Structures are given as C-alpha cells and as structure tokens.
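For reference, final10.cif is printed below; it contains mmCIF, C-alpha atoms.
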data_structure
loop_
_atom_site.label_atom_id
_atom_site.label_comp_id
_atom_site.auth_asym_id
_atom_site.auth_seq_id
_atom_site.Cartn_x
_atom_site.Cartn_y
_atom_site.Cartn_z
CA MET A 1 -162.57 89.29 -132.70
CA HIS A 2 -163.11 89.93 -136.41
CA ILE A 3 -160.74 88.20 -138.80
CA ALA A 4 -159.75 90.63 -141.53
CA ASP A 5 -159.21 89.91 -145.22
CA GLY A 6 -155.95 88.14 -145.92
CA MET A 7 -155.44 86.87 -142.38
CA VAL A 8 -156.51 83.29 -143.14
CA SER A 9 -156.01 81.15 -146.21
CA ALA A 10 -158.54 80.75 -149.03
CA PRO A 11 -159.57 77.19 -148.00
CA VAL A 12 -160.41 78.43 -144.48
CA CYS A 13 -162.53 81.21 -146.00
CA LEU A 14 -164.32 78.69 -148.22
CA VAL A 15 -165.01 76.34 -145.30
CA GLY A 16 -166.33 79.35 -143.37
CA TYR A 17 -168.71 80.25 -146.18
CA GLY A 18 -169.81 76.62 -146.48
CA LEU A 19 -170.61 76.35 -142.77
CA THR A 20 -172.32 79.72 -142.79
CA GLY A 21 -174.46 78.76 -145.77
CA LEU A 22 -175.46 75.50 -144.12
CA THR A 23 -176.25 77.12 -140.74
CA THR A 24 -178.21 79.95 -142.38
CA TRP A 25 -180.26 77.42 -144.32
CA LEU A 26 -180.96 75.38 -141.16
CA SER A 27 -181.88 78.53 -139.21
CA LEU A 28 -184.24 79.78 -141.91
CA LYS A 29 -185.79 76.33 -142.16
CA GLN A 30 -186.46 76.35 -138.41
CA ILE A 31 -187.89 79.87 -138.64
CA ASN A 32 -190.10 78.83 -141.54
CA HIS A 33 -191.56 76.04 -139.41
CA THR A 34 -192.99 78.53 -136.95
CA ALA A 35 -196.62 79.64 -137.23
CA GLU A 36 -195.67 83.13 -138.36
CA PRO A 37 -192.07 83.39 -139.60
CA THR A 38 -192.06 87.17 -139.90
CA GLN A 39 -193.14 87.64 -136.29
CA GLY A 40 -189.56 87.70 -135.04
CA VAL A 41 -188.24 90.02 -137.77
CA PRO A 42 -188.82 93.32 -135.90
CA LYS A 43 -186.86 92.26 -132.82
CA ALA A 44 -184.23 90.62 -135.04
CA ALA A 45 -183.78 93.88 -136.95
CA LEU A 46 -183.47 95.92 -133.76
CA LEU A 47 -180.96 93.53 -132.21
CA THR A 48 -178.98 93.46 -135.47
CA ALA A 49 -178.68 97.23 -135.09
CA ALA A 50 -177.47 96.76 -131.50
CA PHE A 51 -174.96 94.11 -132.63
CA PHE A 52 -173.73 96.43 -135.41
CA VAL A 53 -173.19 99.31 -133.00
CA ALA A 54 -171.65 97.11 -130.28
CA SER A 55 -168.48 96.53 -132.29
CA LEU A 56 -167.81 100.29 -132.14
CA ILE A 57 -167.85 100.36 -128.35
CA HIS A 58 -164.32 99.64 -127.19
CA ILE A 59 -163.45 98.77 -123.64
CA PRO A 60 -159.80 99.21 -122.67
CA VAL A 61 -158.46 96.14 -120.88
CA PRO A 62 -154.71 96.82 -120.58
CA PRO A 63 -152.61 95.95 -122.47
CA ALA A 64 -155.30 95.29 -125.08
CA SER A 65 -158.61 96.83 -126.08
CA VAL A 66 -161.72 94.75 -126.60
CA HIS A 67 -165.15 95.55 -127.98
CA LEU A 68 -168.61 94.32 -127.13
CA VAL A 69 -169.93 91.39 -129.17
CA LEU A 70 -173.40 90.71 -127.69
CA ASN A 71 -173.81 87.41 -129.57
CA GLY A 72 -175.04 85.68 -126.40
CA LEU A 73 -177.74 88.32 -126.01
CA MET A 74 -178.75 87.78 -129.64
CA GLY A 75 -179.12 84.04 -129.01
CA VAL A 76 -181.15 84.55 -125.82
CA VAL A 77 -183.65 86.96 -127.38
CA LEU A 78 -183.73 85.81 -131.00
CA GLY A 79 -183.26 82.03 -130.94
CA TYR A 80 -182.92 80.80 -134.52
CA TYR A 81 -183.12 84.34 -135.86
CA ALA A 82 -179.76 85.00 -134.19
CA PHE A 83 -177.55 83.49 -136.90
CA PRO A 84 -179.00 85.42 -139.88
CA ALA A 85 -179.02 88.56 -137.70
CA VAL A 86 -175.32 88.11 -136.83
CA LEU A 87 -174.53 87.50 -140.50
CA ILE A 88 -176.26 90.72 -141.59
CA GLY A 89 -174.61 92.70 -138.78
CA LEU A 90 -171.17 91.38 -139.75
CA PHE A 91 -171.80 92.27 -143.39
CA PHE A 92 -172.51 95.89 -142.50
CA GLN A 93 -169.55 96.03 -140.11
CA ALA A 94 -167.25 94.82 -142.89
CA VAL A 95 -168.66 97.10 -145.59
CA MET A 96 -168.98 100.27 -143.53
CA PHE A 97 -166.00 100.16 -141.18
CA GLY A 98 -163.74 97.39 -142.44
CA HIS A 99 -164.29 95.28 -139.32
CA GLY A 100 -163.56 91.83 -140.65
CA GLY A 101 -163.84 91.52 -144.40
CA LEU A 102 -165.99 90.17 -147.18
CA SER A 103 -163.72 87.18 -147.86
CA THR A 104 -163.80 86.31 -144.15
CA LEU A 105 -167.50 87.06 -143.66
CA GLY A 106 -168.27 83.35 -143.54
CA ILE A 107 -165.63 82.46 -140.99
CA ASN A 108 -166.57 85.47 -138.83
CA ALA A 109 -170.21 84.41 -138.95
CA VAL A 110 -169.15 80.96 -137.74
CA ILE A 111 -167.09 82.51 -134.93
CA MET A 112 -169.89 84.74 -133.64
CA GLY A 113 -173.07 83.14 -135.00
CA LEU A 114 -172.66 79.52 -133.92
CA PRO A 115 -172.07 80.49 -130.25
CA ALA A 116 -175.25 82.61 -130.48
CA LEU A 117 -177.21 79.48 -131.39
CA VAL A 118 -175.50 77.61 -128.52
CA ALA A 119 -176.51 80.48 -126.21
CA ALA A 120 -180.12 80.10 -127.33
CA GLN A 121 -180.06 76.43 -126.37
CA ILE A 122 -178.33 77.12 -123.03
CA PHE A 123 -180.93 79.75 -122.16
CA ARG A 124 -183.89 77.60 -123.13
CA ARG A 125 -182.69 74.45 -121.38
CA GLY A 126 -181.37 76.33 -118.35
CA ARG A 127 -184.69 78.05 -117.88
CA ARG A 128 -186.52 74.72 -117.99
CA LEU A 129 -184.11 73.14 -115.52
CA LEU A 130 -184.48 75.98 -113.02
CA GLN A 131 -188.25 76.31 -113.20
CA ARG A 132 -188.63 76.11 -109.40
CA ALA A 133 -187.03 79.55 -109.01
CA PRO A 134 -188.16 81.33 -112.18
CA ARG A 135 -186.41 84.67 -111.61
CA TRP A 136 -183.15 83.12 -110.49
CA GLY A 137 -183.40 80.51 -113.23
CA LEU A 138 -183.98 83.19 -115.84
CA GLY A 139 -181.08 85.32 -114.59
CA CYS A 140 -178.63 82.43 -114.21
CA SER A 141 -179.43 80.85 -117.57
CA ALA A 142 -179.18 84.24 -119.31
CA PHE A 143 -175.86 84.94 -117.60
CA GLY A 144 -174.54 81.52 -118.62
CA ALA A 145 -175.75 81.99 -122.19
CA GLY A 146 -174.18 85.45 -122.53
CA ALA A 147 -170.88 84.48 -120.96
CA ILE A 148 -170.49 81.08 -122.64
CA ALA A 149 -171.33 82.48 -126.07
CA LEU A 150 -168.52 85.04 -125.90
CA ALA A 151 -166.11 82.50 -124.38
CA LEU A 152 -166.89 80.12 -127.25
CA SER A 153 -166.33 82.90 -129.76
CA VAL A 154 -162.93 83.70 -128.25
CA LEU A 155 -162.06 80.00 -128.30
CA LEU A 156 -163.15 79.58 -131.94
CA PHE A 157 -161.32 82.74 -133.02
CA SER A 158 -158.10 81.70 -131.26
CA SER A 159 -158.25 78.14 -132.58
CA ILE A 160 -158.86 79.21 -136.17
CA VAL A 161 -156.08 81.82 -136.07
CA VAL A 162 -153.57 79.46 -134.44
CA LEU A 163 -154.38 76.54 -136.73
CA SER A 164 -154.11 78.62 -139.88
CA LEU A 165 -150.88 80.44 -139.14
CA PRO A 166 -148.80 81.08 -142.28
CA ALA A 167 -145.54 79.15 -142.38
CA ASN A 168 -143.39 82.27 -142.67
CA LEU A 169 -144.81 83.84 -139.51
CA ASP A 170 -143.15 83.64 -136.10
CA ALA A 171 -145.63 81.31 -134.40
CA THR A 172 -144.32 81.99 -130.89
CA ILE A 173 -144.93 85.75 -131.09
CA GLU A 174 -148.37 85.24 -132.63
CA ARG A 175 -149.43 82.64 -130.05
CA ALA A 176 -148.32 84.94 -127.21
CA ALA A 177 -150.33 87.81 -128.74
CA ILE A 178 -153.41 85.59 -129.12
CA LEU A 179 -153.08 84.43 -125.51
CA THR A 180 -152.90 88.05 -124.34
CA LEU A 181 -155.98 88.91 -126.38
CA GLY A 182 -157.85 85.89 -125.02
CA LEU A 183 -157.04 86.82 -121.42
CA ALA A 184 -158.14 90.40 -122.09
CA HIS A 185 -161.59 89.05 -122.99
CA ILE A 186 -162.17 87.42 -119.59
CA PRO A 187 -163.59 90.59 -117.97
CA LEU A 188 -165.76 91.12 -121.06
CA ILE A 189 -167.10 87.57 -120.78
CA PHE A 190 -168.41 88.34 -117.29
CA LEU A 191 -169.62 91.77 -118.36
CA GLU A 192 -171.64 90.42 -121.27
CA GLY A 193 -173.02 87.65 -119.03
CA ILE A 194 -174.20 90.22 -116.48
CA PHE A 195 -175.62 92.50 -119.20
CA THR A 196 -177.51 89.61 -120.80
CA ALA A 197 -178.92 88.54 -117.43
CA LEU A 198 -180.04 92.08 -116.55
CA LEU A 199 -181.68 92.59 -119.94
CA ALA A 200 -183.42 89.21 -119.77
CA LEU A 201 -184.77 90.05 -116.30
CA PHE A 202 -185.91 93.47 -117.55
CA LEU A 203 -187.63 92.04 -120.63
CA ASP A 204 -189.26 89.34 -118.51
CA ARG A 205 -190.79 92.06 -116.37
CA VAL A 206 -191.91 94.50 -119.08
CA LYS A 207 -192.44 92.34 -122.18
CA PRO A 208 -192.11 88.62 -121.36
CA GLU A 209 -193.36 87.49 -124.77
CA LEU A 210 -190.04 88.62 -126.27
CA LEU A 211 -188.27 85.79 -124.43
CA LYS A 212 -190.67 83.07 -125.49
CA ASP A 213 -189.49 80.37 -127.92
CA MET B 1 -104.64 97.89 -99.08
CA MET B 2 -100.85 97.91 -99.57
CA THR B 3 -101.25 99.46 -103.03
CA GLN B 4 -103.49 102.24 -101.73
CA ILE B 5 -100.97 103.10 -99.04
CA GLY B 6 -98.13 103.05 -101.59
CA HIS B 7 -100.10 105.28 -104.04
CA ARG B 8 -100.96 107.79 -101.29
CA SER B 9 -97.38 108.05 -100.17
CA PHE B 10 -96.17 108.57 -103.77
CA MET B 11 -98.70 111.40 -104.41
CA GLN B 12 -97.83 112.98 -101.11
CA ARG B 13 -94.16 112.84 -102.07
CA VAL B 14 -94.76 114.39 -105.53
CA GLY B 15 -96.80 117.25 -104.12
CA GLN B 16 -99.14 119.75 -105.88
CA TRP B 17 -96.63 120.98 -108.52
CA GLY B 18 -95.72 117.43 -109.39
CA ARG B 19 -99.39 116.51 -110.07
CA ILE B 20 -99.83 119.55 -112.34
CA PHE B 21 -96.72 118.56 -114.25
CA LEU B 22 -97.85 114.97 -114.74
CA THR B 23 -101.35 116.00 -115.96
CA GLY B 24 -100.02 118.63 -118.36
CA GLY B 25 -97.49 116.17 -119.73
CA GLY B 26 -100.19 113.61 -120.50
CA ILE B 27 -102.28 116.14 -122.42
CA SER B 28 -99.28 117.32 -124.42
CA ILE B 29 -98.45 113.77 -125.49
CA SER B 30 -102.02 113.18 -126.65
CA LEU B 31 -102.09 116.35 -128.75
CA ALA B 32 -98.71 115.60 -130.26
CA MET B 33 -99.88 112.27 -131.79
CA PRO B 34 -102.88 113.04 -134.02
CA GLN B 35 -101.87 110.42 -136.61
CA ALA B 36 -102.06 107.62 -134.04
CA ALA B 37 -105.61 108.67 -132.99
CA GLN B 38 -106.81 108.84 -136.63
CA ALA B 39 -105.80 105.22 -137.13
CA HIS B 40 -108.70 104.23 -134.84
CA GLY B 41 -111.23 106.69 -136.29
CA VAL B 42 -114.41 105.95 -138.19
CA VAL B 43 -115.65 107.20 -141.52
CA LEU B 44 -119.26 108.45 -141.55
CA GLN B 45 -121.22 109.07 -144.69
CA HIS B 46 -124.85 109.59 -145.51
CA GLN B 47 -126.87 108.47 -148.45
CA PRO B 48 -130.53 109.35 -149.05
CA VAL B 49 -132.84 106.41 -149.75
CA ALA B 50 -136.56 106.22 -150.44
CA ALA B 51 -137.73 104.44 -147.33
CA GLN B 52 -141.28 103.60 -146.38
CA THR B 53 -142.62 103.85 -142.87
CA ILE B 54 -145.50 101.57 -142.01
CA ILE B 55 -147.60 102.96 -139.19
CA ALA B 56 -149.79 100.26 -137.69
CA GLN B 57 -152.52 101.32 -135.31
CA TYR B 58 -155.77 99.92 -134.07
CA GLU B 59 -158.76 102.05 -134.94
CA THR B 60 -158.79 103.33 -131.37
CA GLY B 61 -155.44 104.98 -132.15
CA GLU B 62 -153.52 102.50 -130.03
CA PRO B 63 -150.27 101.48 -131.76
CA MET B 64 -149.82 97.87 -132.82
CA ALA B 65 -146.60 97.35 -130.89
CA ASN B 66 -144.50 94.29 -131.79
CA ALA B 67 -146.82 93.36 -134.65
CA GLN B 68 -145.31 91.06 -137.25
CA ILE B 69 -144.52 92.59 -140.61
CA THR B 70 -144.08 90.67 -143.83
CA VAL B 71 -142.99 92.57 -146.93
CA TYR B 72 -143.61 91.06 -150.36
CA ALA B 73 -141.83 92.38 -153.42
CA PRO B 74 -143.80 92.70 -156.69
CA ASN B 75 -144.33 89.29 -158.29
CA GLY B 76 -142.81 87.61 -155.25
CA ASP B 77 -144.53 84.77 -153.44
CA SER B 78 -141.99 84.43 -150.66
CA PRO B 79 -141.40 87.23 -148.13
CA TRP B 80 -138.81 89.81 -149.19
CA LEU B 81 -138.40 91.09 -145.65
CA GLN B 82 -139.76 90.23 -142.23
CA GLY B 83 -139.69 92.10 -138.96
CA THR B 84 -141.74 93.56 -136.14
CA THR B 85 -143.03 97.03 -135.43
CA ASP B 86 -141.58 99.12 -132.62
CA GLN B 87 -143.47 100.25 -129.53
CA ASP B 88 -145.12 103.03 -131.57
CA GLY B 89 -146.34 100.56 -134.19
CA ARG B 90 -143.81 101.79 -136.78
CA PHE B 91 -141.72 99.80 -139.20
CA LEU B 92 -139.23 101.30 -141.63
CA PHE B 93 -137.99 99.59 -144.76
CA THR B 94 -136.49 100.56 -148.09
CA PRO B 95 -137.96 98.92 -151.19
CA ASP B 96 -135.47 97.70 -153.74
CA PRO B 97 -135.42 100.29 -156.57
CA ALA B 98 -134.66 97.49 -159.03
CA GLN B 99 -138.09 95.96 -158.36
CA PRO B 100 -140.74 98.51 -159.30
CA GLY B 101 -144.40 97.60 -158.91
CA ASN B 102 -146.86 97.02 -156.11
CA TRP B 103 -145.14 96.13 -152.87
CA GLN B 104 -147.37 94.46 -150.32
CA VAL B 105 -146.88 94.77 -146.61
CA ARG B 106 -148.82 92.51 -144.28
CA VAL B 107 -149.22 93.55 -140.66
CA ARG B 108 -150.45 90.97 -138.23
CA GLN B 109 -150.96 90.66 -134.50
CA ALA B 110 -153.19 88.11 -132.76
CA GLY B 111 -155.19 87.44 -135.91
CA HIS B 112 -155.80 91.15 -136.47
CA GLY B 113 -154.13 93.27 -139.07
CA GLY B 114 -154.28 93.98 -142.73
CA ILE B 115 -152.45 94.32 -146.00
CA ILE B 116 -151.30 97.58 -147.49
CA THR B 117 -150.13 98.00 -151.08
CA ILE B 118 -147.35 100.48 -151.79
CA PRO B 119 -146.98 101.37 -155.47
CA VAL B 120 -143.33 101.89 -156.38
CA GLN B 121 -142.32 102.69 -159.91
CA ALA B 122 -139.05 103.45 -161.63
CA SER B 123 -139.41 106.70 -163.51
CA VAL B 124 -135.85 107.36 -164.66
CA LYS B 125 -133.34 104.77 -165.70
CA THR B 126 -129.69 105.70 -165.42
CA ASP B 127 -126.53 103.85 -166.27
CA ASN B 128 -124.94 104.80 -162.99
CA PRO B 129 -126.70 102.99 -160.17
CA VAL B 130 -124.72 104.83 -157.48
CA ALA B 131 -125.75 108.23 -158.82
CA ALA B 132 -129.35 107.07 -159.16
CA SER B 133 -129.53 105.91 -155.59
CA SER B 134 -128.36 109.29 -154.40
CA SER B 135 -131.41 110.98 -155.89
CA PRO B 136 -134.36 108.81 -154.99
CA SER B 137 -136.90 111.37 -156.19
CA GLU B 138 -135.84 110.62 -159.71
CA ASN B 139 -135.29 106.91 -159.49
CA LEU B 140 -137.90 105.70 -157.09
CA VAL B 141 -141.33 107.21 -157.07
CA THR B 142 -143.76 106.23 -154.40
CA GLN B 143 -147.32 107.36 -154.63
CA GLY B 144 -149.21 108.86 -151.71
CA PRO B 145 -149.91 106.92 -148.55
CA THR B 146 -152.62 104.33 -148.89
CA GLU B 147 -154.96 103.68 -146.04
CA PRO B 148 -156.69 100.45 -145.12
CA GLN B 149 -160.41 100.16 -145.54
CA GLY B 150 -162.32 101.57 -142.61
CA ALA B 151 -159.55 103.89 -141.50
CA GLY B 152 -159.47 107.62 -141.72
CA TYR B 153 -163.13 108.35 -141.05
CA THR B 154 -163.85 111.26 -138.79
CA GLY B 155 -166.10 110.86 -135.79
CA LEU B 156 -168.91 112.67 -137.58
CA GLN B 157 -168.60 110.45 -140.66
CA LYS B 158 -168.73 107.36 -138.48
CA ALA B 159 -171.75 108.68 -136.63
CA VAL B 160 -173.61 109.37 -139.90
CA MET B 161 -172.70 105.94 -141.29
CA THR B 162 -173.80 104.21 -138.10
CA ALA B 163 -177.02 106.20 -137.93
CA SER B 164 -177.88 105.37 -141.55
CA VAL B 165 -177.47 101.63 -140.98
CA VAL B 166 -179.39 101.75 -137.70
CA TRP B 167 -182.12 103.80 -139.40
CA GLY B 168 -182.46 101.14 -142.07
CA MET B 169 -182.77 98.40 -139.49
CA VAL B 170 -185.32 100.34 -137.43
CA GLY B 171 -187.25 100.89 -140.65
CA THR B 172 -187.21 97.17 -141.36
CA ALA B 173 -188.46 96.48 -137.83
CA SER B 174 -191.22 99.06 -138.21
CA PHE B 175 -192.27 97.69 -141.59
CA PHE B 176 -192.68 94.12 -140.31
CA ALA B 177 -194.31 95.29 -137.07
CA ARG B 178 -196.87 97.31 -139.06
CA ARG B 179 -197.62 94.44 -141.41
CA LYS B 180 -198.34 92.26 -138.41
CA ALA B 181 -200.71 94.87 -136.95
#
What do you get writing this file as structure tokens?
Amino acid sequence: MHIADGMVSAPVCLVGYGLTGLTTWLSLKQINHTAEPTQGVPKAALLTAAFFVASLIHIPVPPASVHLVLNGLMGVVLGYYAFPAVLIGLFFQAVMFGHGGLSTLGINAVIMGLPALVAAQIFRRGRRLLQRAPRWGLGCSAFGAGAIALALSVLLFSSIVVLSLPANLDATIERAAILTLGLAHIPLIFLEGIFTALLALFLDRVKPELLKD
Amino acid sequence: MMTQIGHRSFMQRVGQWGRIFLTGGGISISLAMPQAAQAHGVVLQHQPVAAQTIIAQYETGEPMANAQITVYAPNGDSPWLQGTTDQDGRFLFTPDPAQPGNWQVRVRQAGHGGIITIPVQASVKTDNPVAASSSPSENLVTQGPTEPQGAGYTGLQKAVMTASVVWGMVGTASFFARRKA
C-alpha cells in the first residue's frame, strides 16, 4: 500500500506534497477552531502509534501478503486529527523501516489520509442517520467507515500506480499484479471494518467521549 | 494389421540367432563410423563473467516472483536491459565491463519495489579484451552487495526501533494529557 521512492514520477510526488500540504492546513485550521485544540492530541498520539505498528503486522492472503492500515479507525476516532496523525505515522514508517519513502510521503499521505477524513464523515453522518437504533447505528457506521476507508485507499493506490506507469514497463504484467494485490485486500477490507466497529462499540461503552465530534 | 502380421512372421522366420546377429551388426556399424557422428557434434566452452544476481524479496521473506526488472547503465537514461525475476525472485545479468560506474536496477511489482545501485569499476585496462574477460576479478570489480533501506534489520532491532517510536508517541500523549489536567 506504500509507494516507495522512485516508483512514481517527480510531478506525481510534487502533486502529492501539494495536496498533503493543503489537506494538513485545512485539518489544522479545523482543529484550531475547536474550543481546546490540544484536547485531541493524546488520543491522536496513541492512535498514531497504533497506525505505525499496524504496517508491521502482515496477514498472508495467498498469493499476496497484506498489512493492516487502520486509516478508517483513525478517521472514526480522531476526526480532523486523522490526517496529521497519518502523515506523522507515515513519516516514521518511511524513516525507520523504509515503508514508502520521503519523496513519496505526500502521495502516500493522500492515499491513506484522505480516506481517513472520508471515514470520519461517514461515521458522523451514519451515526446521525441511524439514531433510532444507537448501538446498531454506531456499529454499522463504524464498519462502513473502516471498510470504505481501506477500499478507497486501495482504489487510490491502484489508480495512481496505473496512471503513472513508466513507458518502458510492461503495462499488462503490472496491471495484472495490481489487480491481484487489490483482490487480496478484499478480506482485509472486511476485517478492518469489523475491527473498527468492535472498537467503536467498546469505546462507546467504556469511554464514549472519545467518539464525540 | 497386415504389417504387424508380416513383421511377426519375419522375426519368427529369423529366429533367436538371427536377432542377435542383426543387433550386433547394427552396433558394429555405429562404432565403425566415428567421423560421421562427430559431424553432428557440438562444441562446448565456458567463460567466466562477472554477473550480478538481484534477489528481490518482500520484507516478509516472500520472493517477488515475476517482478519487472529494469537495468540502467551508468549515464544511461534508457533501459540497458529489461526482464522479470524467476519464481524465487532472482534475476541474473552481466554488466558491460566497458561501462564502469553505478549501475541501477529497478525492481517493480504492483507499485511496490525499489532501486538498487551496483557500483562497477574497471580496475585494470588491458589491450586484449578477450583475455580481460576471462579474468573478471581483474577487469570488473563489483563492490559488496547493497541493501535497500529498511532491509536487513533483525527482529530485535525492529522491536527496539518500534518500541522507541511508540514510547515517544506515548510520551507525547502523556504530556498533553497532563497539561490538560
């Protein structure tokens, strides 16, 4: 899911950094509008740690191997804090373990951070829509947020890789490999949806203020 | 059917001694014509070359089978060689000794991969290129294997690195939680 250095062209990297800069600015602006901007920092820091570790947990889905992303969970719990948290997590993943790269940090943040913000909106709106059955509404909206966020990430990753294929590469082989990788993520999409729903239900029971806007 | 019947009747007529005679005669003719057999022979030679093996694996140890390989010669913008790895994630190629410098090999599969730089330098120049190619240790020097960033860490190293980052983030969380209190 991480695009490594040298896998996409320089203009794609620059566009990625531009979008990441803009989204980070918008997220921080939204956070700054809250009554106490630093209130969400502790949970953002803890979930950044979880996001950082998640990339090390590989799940074999023959013939490929996928790793947890947890960007939907970040969006559900953190809201606007999710994008800066994903950005920081990706930075440490790139520096410490070479997952992704510094030149592709921007484009990777777009791939995993933007769906996290979409997940936050899905969770918030879904919860409002299903107010009549609060527990079911919470679980379903959290599942949808977790699953859709990862599905969007896979879609963004595949689109960017396919659209920026170098001319000298065999496009047929690469497209087939990307399709295989995308299909391998389908079980993970459901898994992350279920995990997000279970965690949201747990937090709602033990510390409901963590899920408030 | 007619042929089988005819063949059986001929062999029956020849008998056991006749079959031994026919077989022995065939072998004797073959051994008596070594020159004719050599006309269809092959000539095998061997020549040592300084080849490079690219071993492409995911960090889980799983080989990158059928990954696309692009080899760039020093100061070359267009690919010098293209190919795919085998089922074990291996790709073998021989850099051109006439082009010393940093050879770059790009490995790619489904948007994943990396670039490895292989330093190749000419240490001895000879007037006889054939003789030089027979002793690659003199003509073509390749430095030790280079590893991509993030590879080669032991489990303990990874655990310590992960723990240090997580510790920093927990510390950040604690700091802001305490300030709030």
Give me, as a Markdown table, the closest atom pair and its distance (Å, one decimal) for every residue of chain A within a cut-off of 8 Å of chain B, counting all atoms listed in the file, rows sorted by chain and rising number.
| residue | atom | partner | partner_atom | distance |
| --- | --- | --- | --- | --- |
| A:Met1 | CA | B:His112 | CA | 8.0 |
| A:His2 | CA | B:His112 | CA | 7.4 |
| A:Ile3 | CA | B:His112 | CA | 6.2 |
| A:Ala4 | CA | B:His112 | CA | 6.4 |
| A:Asp5 | CA | B:Gly114 | CA | 6.9 |
| A:Gly6 | CA | B:Gly114 | CA | 6.9 |
| A:Met7 | CA | B:Gly111 | CA | 6.5 |
| A:Thr38 | CA | B:Phe176 | CA | 7.0 |
| A:Gln39 | CA | B:Lys180 | CA | 7.3 |
| A:Val41 | CA | B:Ala173 | CA | 6.5 |
| A:Pro42 | CA | B:Ala173 | CA | 3.7 |
| A:Lys43 | CA | B:Ala173 | CA | 6.7 |
| A:Ala44 | CA | B:Ala173 | CA | 7.7 |
| A:Ala45 | CA | B:Met169 | CA | 5.3 |
| A:Leu46 | CA | B:Val170 | CA | 6.0 |
| A:Thr48 | CA | B:Met169 | CA | 7.4 |
| A:Ala49 | CA | B:Val166 | CA | 5.3 |
| A:Val53 | CA | B:Thr162 | CA | 7.1 |
| A:His58 | CA | B:Thr60 | CA | 7.9 |
| A:Phe92 | CA | B:Val165 | CA | 7.7 |
| A:Met96 | CA | B:Gly150 | CA | 6.8 |
| A:Phe97 | CA | B:Gly150 | CA | 4.2 |
| A:Gly98 | CA | B:Gly150 | CA | 4.4 |
| A:His99 | CA | B:Gly150 | CA | 7.4 |
| A:Ser158 | CA | B:Gly111 | CA | 7.9 |
| A:Val161 | CA | B:Gly111 | CA | 5.7 |
| A:Asn168 | CA | B:Pro79 | CA | 7.6 |
| A:Leu169 | CA | B:Gln68 | CA | 7.6 |
| A:Asp170 | CA | B:Gln68 | CA | 7.8 |
| A:Glu174 | CA | B:Ala110 | CA | 5.6 |
| A:Arg175 | CA | B:Ala110 | CA | 7.2 |
| A:Ala177 | CA | B:Ala110 | CA | 4.9 |
| A:Ile178 | CA | B:Ala110 | CA | 4.4 |
| A:Leu181 | CA | B:Ala110 | CA | 7.0 |
*asked:* Residue by residue, what does the PyMOL selection byres ((chain A and resi 185) around 12) grab here? Present the result as a ChimeraX atom specification.
replied: /A:1,58-69,147-148,150-155,157-158,178-184,186-192
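Ranking A:Val118, A:Leu201, A:Leu90, A:Ile111 by their shortest atom-to-atom distance to Pro134 of chain A, with all atoms listed in the file included, puts A:Leu201 first.
What separates atom CA of Phe91 of chain B from atom CA of Gln104 of chain B is a distance of 13.6 Å.
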Leaving out Thr23 of chain A and any residue of its chain fewer than 3 positions from it, which residues lie within 12 Å of it when counting only C-alpha atoms, given as a PDB file with C-alpha atoms, in the frame of the given file?
ATOM      1  CA  GLY A  16    -166.330  79.350-143.370  1.00  0.00           C
ATOM      2  CA  TYR A  17    -168.710  80.250-146.180  1.00  0.00           C
ATOM      3  CA  GLY A  18    -169.810  76.620-146.480  1.00  0.00           C
ATOM      4  CA  LEU A  19    -170.610  76.350-142.770  1.00  0.00           C
ATOM      5  CA  THR A  20    -172.320  79.720-142.790  1.00  0.00           C
ATOM      6  CA  LEU A  26    -180.960  75.380-141.160  1.00  0.00           C
ATOM      7  CA  SER A  27    -181.880  78.530-139.210  1.00  0.00           C
ATOM      8  CA  LEU A  28    -184.240  79.780-141.910  1.00  0.00           C
ATOM      9  CA  LYS A  29    -185.790  76.330-142.160  1.00  0.00           C
ATOM     10  CA  GLN A  30    -186.460  76.350-138.410  1.00  0.00           C
ATOM     11  CA  TYR A  80    -182.920  80.800-134.520  1.00  0.00           C
ATOM     12  CA  TYR A  81    -183.120  84.340-135.860  1.00  0.00           C
ATOM     13  CA  ALA A  82    -179.760  85.000-134.190  1.00  0.00           C
ATOM     14  CA  PHE A  83    -177.550  83.490-136.900  1.00  0.00           C
ATOM     15  CA  PRO A  84    -179.000  85.420-139.880  1.00  0.00           C
ATOM     16  CA  VAL A  86    -175.320  88.110-136.830  1.00  0.00           C
ATOM     17  CA  LEU A  87    -174.530  87.500-140.500  1.00  0.00           C
ATOM     18  CA  GLY A 106    -168.270  83.350-143.540  1.00  0.00           C
ATOM     19  CA  ILE A 107    -165.630  82.460-140.990  1.00  0.00           C
ATOM     20  CA  ALA A 109    -170.210  84.410-138.950  1.00  0.00           C
ATOM     21  CA  VAL A 110    -169.150  80.960-137.740  1.00  0.00           C
ATOM     22  CA  GLY A 113    -173.070  83.140-135.000  1.00  0.00           C
ATOM     23  CA  LEU A 114    -172.660  79.520-133.920  1.00  0.00           C
ATOM     24  CA  PRO A 115    -172.070  80.490-130.250  1.00  0.00           C
ATOM     25  CA  ALA A 116    -175.250  82.610-130.480  1.00  0.00           C
ATOM     26  CA  LEU A 117    -177.210  79.480-131.390  1.00  0.00           C
TER      27      LEU A 117
END
_Neighbouring residues of segment 140-143 of chain A were defined as those with any atom within 10 Å, considering all atoms listed in the file; residues of the same chain fewer than 2 positions away were excluded. Please report them as a PyMOL selection string._
chain A and resi 72-73+75-77+119-130+134-138+145-149+189-201
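In this model, the gap between atom CA of Gln47 of chain B and atom CA of Ile118 of chain B comes to 22.2 Å.
Our summary of the geometry notes that atom CA of Lys207 of chain A is positioned 25.3 Å from atom CA of Ile88 of chain A.
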*Residues selected by the PyMOL selection byres ((chain B and resi 90) around 9), written as a list of chain:residue names*: B:Thr53, B:Ile54, B:Ile55, B:Ala56, B:Gln57, B:Pro63, B:Met64, B:Ala65, B:Thr84, B:Thr85, B:Asp86, B:Gln87, B:Asp88, B:Gly89, B:Phe91, B:Leu92
*Just so the selection is clear, what residues does the PyMOL selection byres ((chain A and resi 164) around 8) cover here, as a VMD selection string?*
chain A and resid 8 to 9 12 160 to 163 165 to 166
Emit segment 80-96 of chain B of the structure in the block as a file comprising C-alpha atoms, as a JSON list (two decimals), in the first residue's frame.
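Okay, this is what ended up in out_1.json:
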[["chain", "number", "residue", "atom", "x", "y", "z"],
["B", 80, "TRP", "CA", 20.02, -1.19, -20.84],
["B", 81, "LEU", "CA", 18.22, -4.44, -20.09],
["B", 82, "GLN", "CA", 14.72, -5.48, -19.11],
["B", 83, "GLY", "CA", 13.35, -8.73, -17.77],
["B", 84, "THR", "CA", 11.45, -10.41, -14.97],
["B", 85, "THR", "CA", 12.52, -12.28, -11.89],
["B", 86, "ASP", "CA", 12.06, -16.03, -11.60],
["B", 87, "GLN", "CA", 9.81, -17.78, -9.10],
["B", 88, "ASP", "CA", 12.45, -17.28, -6.39],
["B", 89, "GLY", "CA", 12.63, -13.54, -7.05],
["B", 90, "ARG", "CA", 16.07, -13.82, -8.69],
["B", 91, "PHE", "CA", 17.38, -12.10, -11.78],
["B", 92, "LEU", "CA", 20.85, -12.62, -13.22],
["B", 93, "PHE", "CA", 22.59, -10.19, -15.52],
["B", 94, "THR", "CA", 26.13, -9.33, -16.54],
["B", 95, "PRO", "CA", 27.07, -5.65, -16.58],
["B", 96, "ASP", "CA", 29.05, -4.49, -19.57]]
